[in-house]
Amino acid sequence: MGSFIEIRGKEFVCDGKPVLFKGLGISSWLNIEHFMVGMPCTDSQMRDSFRAVFGAETAQKFFEKFVLEFVTEEDFAYLKDMGINLLRVPFNYRLFLEDENPDAFREEGFRYLDRLLAFGRKYQIYILPDLHAVPGGQNPDWHSDNSTGHTQFWHYGVFRRQMAELWGRIAERYCEEPYLLGYDLLNEPCVFSDRSTDTGTSLIQDFYEETTREIRRYDGNHILFLEGDHFAMEFDCIREVKDAKTALMFHYYPTVWEPALYQKDYDPAKRREVFEDVFTSLLNIRERFDRPVLCGEAGYETDWKNPEFTVTLLQETVRLCRKYQVSFTLWSYKDARFMGLVYPKEESLWMKLAGEFGKTWDHDEDAARGEKAVNEFCGMYFPDASKEERYILSFRQRAILYFLQKKHLLEKVLRKHNAEEMLRLPESFRFENCERFEGYEMLLRKFHFQQGGSYDRQF
């Protein structure tokens, strides 16, 4: 392969032939998510805490080492051996921009992408950068590095213009890169009820159109990927797709929205039926827009007491992708033993530190506590508050927890360790220091898209 991927109707094509992608999301790497690494707080709060405890120089060395150790050539060799041909790579805008100096672009982010794309070229794996965190937060949750619970990105045009310009800079640099699939313009936007501009158009659509114009000033080769509102699940925010090389991306997490599906005694046939109903309801955008789609995220928290059950859920997901000929990037490749394929050994320094946090912190409990506090407050003072209002406020309540956890949990535990220990921690993520989820690996090795209609030459 190595040619630019094109769009032909509802298909991705390469050199005139249909192609489907079997991929993974790299995970919590260039944008750190708390549950994925086993530490509380958001990406920027973690970085602030490391600076507060160990000083700016040590903190910088730590996060630089984390990036370099987390993904190496050994990872790409392993992925290639399994037949993976696409990696989706979440990144934080702060890799390229400083909040206190917003007009100057940092070389650091480009340096990391250069290294990643060099691996992609060598191992013939396409790379899809994903803008996972933007100034002000495009959604209210931790994974957008949102420490307030407010989605201020949608309230300030200056933020949106800044991100369009960032994509333009990235496109200018990589417009001729053969193993760049394209650009995932914005991960999981969530505008809530403020969906329209003064002219009646969608805020999300306006951002996509502005960003598309900026990218196309430099790059006509690569595909743009658009995600829907409400965490990439609702597409009424997109009225039309004008650009010829634009595809759509949905995220598929049925167990998040119906937790009962995780129960072991849930009827398997009924679970498969619900899974397929959710999948096909999201997939209807392929017909509606006559564009190819990518299932950009799908995955499940690993049940280490019964890993076979987790494999069953994953197997059902990839079965649907094969049945409906849908390219995918499962979430995720590597993390701290939460839902990844590869993870540090149990006795590693990183997992020991994560175990210290795990004694008093659990991210699922954060969500439950936030919801409980909001319901109690509304019950006492605002009983007429709607379900949507309570849902919005639950994120702001969680932000209070992050604020307190930063000082009274994260920094408290970090102070028990010295700088030398901290600088050794990222080595836990080196491929040779990790273990693999064998059932997950076996599933991916066996998976291939059936020939007929569309198939990938690499499988």
# chains A, B, ... in the order shown; residues from 1 in each chain; ligands from 1
$ residues_around --residues "stretch 99-113 of chain A" --least-positions-apart "3" --cutoff "10 Å" --atoms "only C-alpha atoms" --output "PDB file with N, CA and C atoms, in the first residue's frame"
ATOM      1  N   LEU A  30      -0.459  10.602  24.097  1.00  0.00           N
ATOM      2  CA  LEU A  30      -0.239  12.040  23.882  1.00  0.00           C
ATOM      3  C   LEU A  30      -1.353  12.876  24.488  1.00  0.00           C
ATOM      4  N   GLU A  64       8.433  13.393  28.871  1.00  0.00           N
ATOM      5  CA  GLU A  64       9.162  13.094  27.640  1.00  0.00           C
ATOM      6  C   GLU A  64       9.505  11.602  27.594  1.00  0.00           C
ATOM      7  N   VAL A  67       6.468   9.423  26.781  1.00  0.00           N
ATOM      8  CA  VAL A  67       6.150   9.373  25.353  1.00  0.00           C
ATOM      9  C   VAL A  67       7.083   8.410  24.619  1.00  0.00           C
ATOM     10  N   LEU A  68       8.367   8.483  24.900  1.00  0.00           N
ATOM     11  CA  LEU A  68       9.347   7.687  24.158  1.00  0.00           C
ATOM     12  C   LEU A  68       9.318   6.207  24.536  1.00  0.00           C
ATOM     13  N   VAL A  89      -4.546   7.938  16.866  1.00  0.00           N
ATOM     14  CA  VAL A  89      -3.622   8.499  17.847  1.00  0.00           C
ATOM     15  C   VAL A  89      -4.207   9.774  18.473  1.00  0.00           C
ATOM     16  N   PHE A  91      -4.383  13.108  20.635  1.00  0.00           N
ATOM     17  CA  PHE A  91      -3.383  14.058  21.114  1.00  0.00           C
ATOM     18  C   PHE A  91      -4.056  15.270  21.736  1.00  0.00           C
ATOM     19  N   ASN A  92      -3.307  15.924  22.608  1.00  0.00           N
ATOM     20  CA  ASN A  92      -3.760  17.121  23.316  1.00  0.00           C
ATOM     21  C   ASN A  92      -3.200  18.347  22.600  1.00  0.00           C
ATOM     22  N   TYR A  93      -4.031  19.368  22.430  1.00  0.00           N
ATOM     23  CA  TYR A  93      -3.576  20.570  21.721  1.00  0.00           C
ATOM     24  C   TYR A  93      -2.346  21.192  22.378  1.00  0.00           C
ATOM     25  N   ARG A  94      -2.140  20.948  23.674  1.00  0.00           N
ATOM     26  CA  ARG A  94      -1.009  21.563  24.379  1.00  0.00           C
ATOM     27  C   ARG A  94       0.348  21.022  23.909  1.00  0.00           C
ATOM     28  N   LEU A  95       0.343  19.916  23.160  1.00  0.00           N
ATOM     29  CA  LEU A  95       1.591  19.452  22.570  1.00  0.00           C
ATOM     30  C   LEU A  95       2.098  20.443  21.518  1.00  0.00           C
ATOM     31  N   PHE A  96       1.182  21.226  20.964  1.00  0.00           N
ATOM     32  CA  PHE A  96       1.531  22.147  19.890  1.00  0.00           C
ATOM     33  C   PHE A  96       1.421  23.613  20.294  1.00  0.00           C
ATOM     34  N   LEU A 116       6.400   8.937  15.020  1.00  0.00           N
ATOM     35  CA  LEU A 116       5.326   7.965  14.842  1.00  0.00           C
ATOM     36  C   LEU A 116       5.127   7.623  13.367  1.00  0.00           C
ATOM     37  N   LEU A 117       5.127   8.633  12.518  1.00  0.00           N
ATOM     38  CA  LEU A 117       4.911   8.400  11.094  1.00  0.00           C
ATOM     39  C   LEU A 117       6.084   7.643  10.465  1.00  0.00           C
ATOM     40  N   ALA A 118       7.275   7.836  10.993  1.00  0.00           N
ATOM     41  CA  ALA A 118       8.428   7.058  10.503  1.00  0.00           C
ATOM     42  C   ALA A 118       8.213   5.573  10.775  1.00  0.00           C
ATOM     43  N   PHE A 119       7.696   5.241  11.965  1.00  0.00           N
ATOM     44  CA  PHE A 119       7.362   3.845  12.265  1.00  0.00           C
ATOM     45  C   PHE A 119       6.258   3.349  11.325  1.00  0.00           C
ATOM     46  N   ILE A 127      -1.559   5.989  10.031  1.00  0.00           N
ATOM     47  CA  ILE A 127      -1.725   6.745  11.264  1.00  0.00           C
ATOM     48  C   ILE A 127      -2.873   7.733  11.094  1.00  0.00           C
ATOM     49  N   PRO A 129      -4.209  10.851  13.282  1.00  0.00           N
ATOM     50  CA  PRO A 129      -4.184  11.744  14.449  1.00  0.00           C
ATOM     51  C   PRO A 129      -5.613  12.169  14.825  1.00  0.00           C
ATOM     52  N   PRO A 135      -8.778  23.656  23.802  1.00  0.00           N
ATOM     53  CA  PRO A 135      -8.959  24.665  24.851  1.00  0.00           C
ATOM     54  C   PRO A 135     -10.434  24.833  25.209  1.00  0.00           C
ATOM     55  N   GLN A 162      -8.593  28.937  16.685  1.00  0.00           N
ATOM     56  CA  GLN A 162      -7.235  28.502  17.032  1.00  0.00           C
ATOM     57  C   GLN A 162      -7.022  27.042  16.643  1.00  0.00           C
ATOM     58  N   LEU A 166      -4.493  25.267  13.995  1.00  0.00           N
ATOM     59  CA  LEU A 166      -3.599  24.171  14.360  1.00  0.00           C
ATOM     60  C   LEU A 166      -3.670  23.055  13.324  1.00  0.00           C
ATOM     61  N   ARG A 169      -1.717  23.967  10.279  1.00  0.00           N
ATOM     62  CA  ARG A 169      -0.267  23.786  10.439  1.00  0.00           C
ATOM     63  C   ARG A 169       0.131  22.323  10.306  1.00  0.00           C
ATOM     64  N   ILE A 170      -0.666  21.447  10.907  1.00  0.00           N
ATOM     65  CA  ILE A 170      -0.381  20.010  10.812  1.00  0.00           C
ATOM     66  C   ILE A 170      -0.497  19.547   9.365  1.00  0.00           C
ATOM     67  N   ARG A 173       2.409  20.519   7.166  1.00  0.00           N
ATOM     68  CA  ARG A 173       3.628  19.745   7.398  1.00  0.00           C
ATOM     69  C   ARG A 173       3.542  18.337   6.819  1.00  0.00           C
ATOM     70  N   TYR A 174       2.349  17.724   6.851  1.00  0.00           N
ATOM     71  CA  TYR A 174       2.241  16.306   6.506  1.00  0.00           C
ATOM     72  C   TYR A 174       1.423  16.051   5.242  1.00  0.00           C
TER      73      TYR A 174
END
$ select_by_dssp --residues "stretch 195-245 of chain A" --states "strand (DSSP E or B)" --output "number ranges by chain"
A: 196, 202, 223-227, 234
$ write_last_selection --atoms "C-alpha atoms" --output "PDB file, in the first residue's frame"
ATOM      1  CA  SER A 196     -27.238  26.267  16.945  1.00  0.00           C
ATOM      2  CA  SER A 202     -24.814  23.826  13.946  1.00  0.00           C
ATOM      3  CA  ILE A 223      -9.265  12.169   4.396  1.00  0.00           C
ATOM      4  CA  LEU A 224     -11.069  14.266   7.007  1.00  0.00           C
ATOM      5  CA  PHE A 225     -13.083  12.387   9.651  1.00  0.00           C
ATOM      6  CA  LEU A 226     -16.113  13.987  11.305  1.00  0.00           C
ATOM      7  CA  GLU A 227     -17.578  12.742  14.598  1.00  0.00           C
ATOM      8  CA  GLU A 234     -25.673  11.736  17.319  1.00  0.00           C
TER       9      GLU A 234
END
$ atom_distance --atom1 "atom CA of A:Leu409" --atom2 "atom CA of A:Arg396"
19.1 Å
$ residues_around --residues "A:Thr317" --least-positions-apart "6" --cutoff "9 Å" --atoms "only C-alpha atoms" --output "list in words"
Tyr252, Phe275, Glu276, Phe279, Ala298 and Gly299 of chain A
$ write_last_selection --atoms "N, CA and C atoms" --output "PDB file, in the first residue's frame"
ATOM      1  N   TYR A 252     -18.725   3.345  19.513  1.00  0.00           N
ATOM      2  CA  TYR A 252     -19.678   2.283  19.843  1.00  0.00           C
ATOM      3  C   TYR A 252     -19.382   1.726  21.235  1.00  0.00           C
ATOM      4  N   PHE A 275     -26.766  -5.335  20.999  1.00  0.00           N
ATOM      5  CA  PHE A 275     -25.523  -4.879  20.378  1.00  0.00           C
ATOM      6  C   PHE A 275     -25.746  -4.509  18.913  1.00  0.00           C
ATOM      7  N   GLU A 276     -26.448  -5.377  18.202  1.00  0.00           N
ATOM      8  CA  GLU A 276     -26.647  -5.131  16.771  1.00  0.00           C
ATOM      9  C   GLU A 276     -27.583  -3.952  16.536  1.00  0.00           C
ATOM     10  N   PHE A 279     -25.527  -0.853  17.047  1.00  0.00           N
ATOM     11  CA  PHE A 279     -24.549  -0.725  15.964  1.00  0.00           C
ATOM     12  C   PHE A 279     -25.213  -0.221  14.683  1.00  0.00           C
ATOM     13  N   ALA A 298     -14.370   1.374  20.216  1.00  0.00           N
ATOM     14  CA  ALA A 298     -15.247   0.334  20.746  1.00  0.00           C
ATOM     15  C   ALA A 298     -14.387  -0.509  21.669  1.00  0.00           C
ATOM     16  N   GLY A 299     -14.894  -0.824  22.835  1.00  0.00           N
ATOM     17  CA  GLY A 299     -14.099  -1.627  23.759  1.00  0.00           C
ATOM     18  C   GLY A 299     -14.811  -1.812  25.081  1.00  0.00           C
TER      19      GLY A 299
END
$ select_by_dssp --residues "stretch 89-145 of chain A" --states "helix (DSSP H, G or I)" --output "PyMOL selection string"
chain A and resi 93-95+107-123+142-144
$ residues_around --residues "A:Cys295" --least-positions-apart "4" --cutoff "7 Å" --atoms "only C-alpha atoms" --output "list in words"
Met249, Phe250, His251, Tyr252, Val326, Ser327, Phe328 and Thr329 of chain A
$ write_last_selection --atoms "N, CA and C atoms" --output "PDB file, in the first residue's frame"
ATOM      1  N   MET A 249     -17.202   9.221  11.443  1.00  0.00           N
ATOM      2  CA  MET A 249     -16.744   8.322  12.493  1.00  0.00           C
ATOM      3  C   MET A 249     -17.762   8.289  13.628  1.00  0.00           C
ATOM      4  N   PHE A 250     -18.132   7.075  14.046  1.00  0.00           N
ATOM      5  CA  PHE A 250     -18.971   6.926  15.233  1.00  0.00           C
ATOM      6  C   PHE A 250     -18.213   6.114  16.275  1.00  0.00           C
ATOM      7  N   HIS A 251     -18.621   6.255  17.542  1.00  0.00           N
ATOM      8  CA  HIS A 251     -18.061   5.472  18.644  1.00  0.00           C
ATOM      9  C   HIS A 251     -19.144   4.551  19.182  1.00  0.00           C
ATOM     10  N   TYR A 252     -18.725   3.345  19.513  1.00  0.00           N
ATOM     11  CA  TYR A 252     -19.678   2.283  19.843  1.00  0.00           C
ATOM     12  C   TYR A 252     -19.382   1.726  21.235  1.00  0.00           C
ATOM     13  N   VAL A 326     -17.381  -2.739   8.127  1.00  0.00           N
ATOM     14  CA  VAL A 326     -17.066  -1.455   8.748  1.00  0.00           C
ATOM     15  C   VAL A 326     -15.639  -1.479   9.286  1.00  0.00           C
ATOM     16  N   SER A 327     -14.807  -0.578   8.812  1.00  0.00           N
ATOM     17  CA  SER A 327     -13.461  -0.423   9.358  1.00  0.00           C
ATOM     18  C   SER A 327     -13.547  -0.009  10.825  1.00  0.00           C
ATOM     19  N   PHE A 328     -12.525  -0.385  11.619  1.00  0.00           N
ATOM     20  CA  PHE A 328     -12.580  -0.064  13.039  1.00  0.00           C
ATOM     21  C   PHE A 328     -11.195   0.200  13.610  1.00  0.00           C
ATOM     22  N   THR A 329     -11.179   0.940  14.711  1.00  0.00           N
ATOM     23  CA  THR A 329     -10.002   1.075  15.580  1.00  0.00           C
ATOM     24  C   THR A 329     -10.486   0.862  17.007  1.00  0.00           C
TER      25      THR A 329
END
$ closest_residue --among "A:Gly228, A:Gly55, A:Pro178, A:Pro259" --to "A:Arg121" --atoms "only C-alpha atoms"
A:Pro178
$ closest_atom_pairs --of "stretch 27-91 of chain A" --to "stretch 438-441 of chain A" --cutoff "12 Å" --atoms "only C-alpha atoms" --output "tab-separated table"
residue	atom	partner	partner_atom	distance
A:Tyr78	CA	A:Glu441	CA	10.4
A:Leu79	CA	A:Glu441	CA	10.0
A:Asp81	CA	A:Glu441	CA	10.8
A:Met82	CA	A:Glu441	CA	7.9
A:Gly83	CA	A:Glu441	CA	10.9
A:Ile84	CA	A:Glu441	CA	11.1
$ atom_distance --atom1 "atom CA of A:Phe382" --atom2 "atom CA of A:Ala399"
20.7 Å
$ closest_residue --among "A:Leu185, A:Cys378, A:Asp48, A:Phe35" --to "A:Glu301" --atoms "only C-alpha atoms"
A:Phe35
$ residues_around --residues "A:Tyr179" --least-positions-apart "6" --cutoff "8 Å" --atoms "only C-alpha atoms" --output "ChimeraX atom specification"
/A:2-4,117,120-121,124-127
$ write_last_selection --atoms "N, CA and C atoms" --output "PDB file, in the first residue's frame"
ATOM      1  N   GLY A   2       0.608   2.201   0.815  1.00  0.00           N
ATOM      2  CA  GLY A   2       1.444   3.382   0.854  1.00  0.00           C
ATOM      3  C   GLY A   2       0.943   4.489  -0.042  1.00  0.00           C
ATOM      4  N   SER A   3      -0.143   4.251  -0.786  1.00  0.00           N
ATOM      5  CA  SER A   3      -0.754   5.290  -1.587  1.00  0.00           C
ATOM      6  C   SER A   3      -1.767   6.033  -0.720  1.00  0.00           C
ATOM      7  N   PHE A   4      -2.115   7.244  -1.147  1.00  0.00           N
ATOM      8  CA  PHE A   4      -3.141   7.972  -0.410  1.00  0.00           C
ATOM      9  C   PHE A   4      -4.463   7.223  -0.521  1.00  0.00           C
ATOM     10  N   LEU A 117       5.127   8.633  12.518  1.00  0.00           N
ATOM     11  CA  LEU A 117       4.911   8.400  11.094  1.00  0.00           C
ATOM     12  C   LEU A 117       6.084   7.643  10.465  1.00  0.00           C
ATOM     13  N   GLY A 120       5.251   4.210  11.097  1.00  0.00           N
ATOM     14  CA  GLY A 120       4.150   3.818  10.227  1.00  0.00           C
ATOM     15  C   GLY A 120       4.625   3.484   8.827  1.00  0.00           C
ATOM     16  N   ARG A 121       5.525   4.311   8.281  1.00  0.00           N
ATOM     17  CA  ARG A 121       6.057   4.039   6.941  1.00  0.00           C
ATOM     18  C   ARG A 121       6.819   2.712   6.914  1.00  0.00           C
ATOM     19  N   GLN A 124       4.252  -0.151   7.417  1.00  0.00           N
ATOM     20  CA  GLN A 124       3.066  -0.074   6.562  1.00  0.00           C
ATOM     21  C   GLN A 124       1.780  -0.068   7.386  1.00  0.00           C
ATOM     22  N   ILE A 125       1.762   0.776   8.388  1.00  0.00           N
ATOM     23  CA  ILE A 125       0.584   0.979   9.228  1.00  0.00           C
ATOM     24  C   ILE A 125       0.178   2.437   9.118  1.00  0.00           C
ATOM     25  N   TYR A 126      -1.064   2.676   8.722  1.00  0.00           N
ATOM     26  CA  TYR A 126      -1.544   4.047   8.587  1.00  0.00           C
ATOM     27  C   TYR A 126      -1.762   4.671   9.965  1.00  0.00           C
ATOM     28  N   ILE A 127      -1.559   5.989  10.031  1.00  0.00           N
ATOM     29  CA  ILE A 127      -1.725   6.745  11.264  1.00  0.00           C
ATOM     30  C   ILE A 127      -2.873   7.733  11.094  1.00  0.00           C
TER      31      ILE A 127
END
$ closest_residue --among "A:Leu313, A:Met46, A:Met442, A:Cys41" --to "A:Leu404" --atoms "only C-alpha atoms"
A:Cys41
$ closest_residue --among "A:Leu186, A:Ile392, A:Val191, A:Leu131" --to "A:His155" --atoms "only C-alpha atoms"
A:Val191
